[in-house]
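Taking it in order: structure first as structure tokens, then the write-up.
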Amino acid sequence: MTIQDIPTLNAALNATATVLITAGFIFIKRGNREAHRACMLTAGAVSAIFLIGYVTHKILIRGVHTPFGGEGAALRAVYFTMLLSHIVLAIAIAYLVPRTFLFA
């Protein structure tokens with residue numbers, strides 16, 4: 001495994017967490033609390049592994065800047081708006097996930 005493989009692994013982990021959360025939603029709608037709990041706890045663990053991989057990747061590529069690759073002011077504005085919302089939501093999720101597990 002190389003540093004270039006980490007983003008692909010992270011994408012697979014996110015996809016796995018998405019499937020688990022969706023399955024958990026279906027289970028709770030059907031009244032199957034145990035299966036819901038198992039899916040949600042597994043999704044939490046998979047997401048934690050993603051976070052470790054993401055932070056590791058960022059540490060390993062420190063100093064490497066990826067410039068905006070598109071063309072045009074409108075596309076640039078859309079890109080940076082999405083980037084800003086991603087950053088704000090990533091910060092918020094660091095609080096919301098542990099809080100949700102506390103209430104669960």
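In the structure tokens, each chain is lettered A, B, ... as it comes, each chain's residues begin at 1, and ligands are numbered from 1 in order of appearance.
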
Open item on the list: Which residues are close to segment 19-23 of chain A, i.e. within 7 Å by only C-alpha atoms, leaving aside same-chain residues fewer than 5 positions away? Reply as a PyMOL selection string.
Closed with: chain A and resi 39-40+43

- [ ] Just list the residues in chain A DSSP gives helix (DSSP H, G or I) on the backbone, as a PyMOL selection string.
- [x] chain A and resi 3-29+33-60+73-103

Open item on the list: Excluding Asn10 of chain A and its own-chain neighbours fewer than 3 positions away, which residues fall within 8 Å of it when counting only C-alpha atoms? Please give them as a ChimeraX atom specification.
Closed with: /A:6-7,13-14,50,53-54

Please, could you write that set of residues out with all heavy atoms as a tab-separated table (two decimals), in the first residue's frame?
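The resulting file, again23.tsv, is reproduced below:
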```
chain	number	residue	atom	x	y	z
A	6	ILE	N	-4.39	5.61	-0.17
A	6	ILE	CA	-5.19	6.00	0.99
A	6	ILE	C	-6.51	6.66	0.59
A	6	ILE	O	-7.56	6.31	1.15
A	6	ILE	CB	-4.37	6.88	1.96
A	6	ILE	CG1	-3.21	6.07	2.55
A	6	ILE	CG2	-5.26	7.42	3.09
A	6	ILE	CD1	-2.26	6.87	3.43
A	7	PRO	N	-6.55	7.59	-0.38
A	7	PRO	CA	-7.85	8.17	-0.75
A	7	PRO	C	-8.85	7.13	-1.26
A	7	PRO	O	-10.05	7.22	-0.95
A	7	PRO	CB	-7.50	9.19	-1.84
A	7	PRO	CG	-6.10	9.59	-1.51
A	7	PRO	CD	-5.45	8.33	-1.03
A	13	LEU	N	-14.19	3.10	2.61
A	13	LEU	CA	-14.68	3.15	3.99
A	13	LEU	C	-15.93	4.01	4.10
A	13	LEU	O	-16.89	3.64	4.79
A	13	LEU	CB	-13.58	3.65	4.92
A	13	LEU	CG	-12.41	2.70	5.15
A	13	LEU	CD1	-11.25	3.41	5.83
A	13	LEU	CD2	-12.85	1.49	5.95
A	14	ASN	N	-15.94	5.15	3.43
A	14	ASN	CA	-17.13	6.01	3.44
A	14	ASN	C	-18.32	5.32	2.79
A	14	ASN	O	-19.45	5.43	3.27
A	14	ASN	CB	-16.84	7.33	2.73
A	14	ASN	CG	-16.38	8.40	3.70
A	14	ASN	OD1	-16.63	8.32	4.89
A	14	ASN	ND2	-15.71	9.40	3.18
A	50	PHE	N	-11.88	5.53	8.89
A	50	PHE	CA	-11.76	6.54	7.83
A	50	PHE	C	-11.03	7.77	8.36
A	50	PHE	O	-10.13	8.30	7.70
A	50	PHE	CB	-13.14	6.95	7.30
A	50	PHE	CG	-13.13	8.30	6.64
A	50	PHE	CD1	-12.67	8.45	5.34
A	50	PHE	CD2	-13.54	9.43	7.32
A	50	PHE	CE1	-12.62	9.70	4.74
A	50	PHE	CE2	-13.51	10.68	6.73
A	50	PHE	CZ	-13.04	10.81	5.43
A	53	GLY	N	-7.39	7.23	8.63
A	53	GLY	CA	-6.78	7.23	7.30
A	53	GLY	C	-6.70	8.63	6.70
A	53	GLY	O	-5.70	9.00	6.10
A	54	TYR	N	-7.75	9.42	6.89
A	54	TYR	CA	-7.79	10.78	6.36
A	54	TYR	C	-6.71	11.65	7.00
A	54	TYR	O	-5.95	12.33	6.31
A	54	TYR	CB	-9.17	11.39	6.58
A	54	TYR	CG	-9.30	12.78	6.03
A	54	TYR	CD1	-9.58	12.99	4.69
A	54	TYR	CD2	-9.14	13.89	6.85
A	54	TYR	CE1	-9.70	14.27	4.18
A	54	TYR	CE2	-9.25	15.17	6.35
A	54	TYR	CZ	-9.53	15.35	5.01
A	54	TYR	OH	-9.63	16.63	4.52
```

Task: Nearest to Thr16 of chain A, chosen from A:Ile49, A:Val55, A:Val78, A:Ala90, with only C-alpha atoms counted in the distances - done: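 Among A:Ile49, A:Val55, A:Val78, A:Ala90, it is A:Ile49 that comes nearest to Thr16 of chain A.
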
- [ ] Please measure the separation of atom CA of Val88 of chain A and atom CA of Leu51 of chain A, giving the value in Å to one decimal.
- [x] 15.9 Å

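Between atom CA of Ala94 of chain A and atom CA of Leu41 of chain A there is a distance of 16.3 Å.
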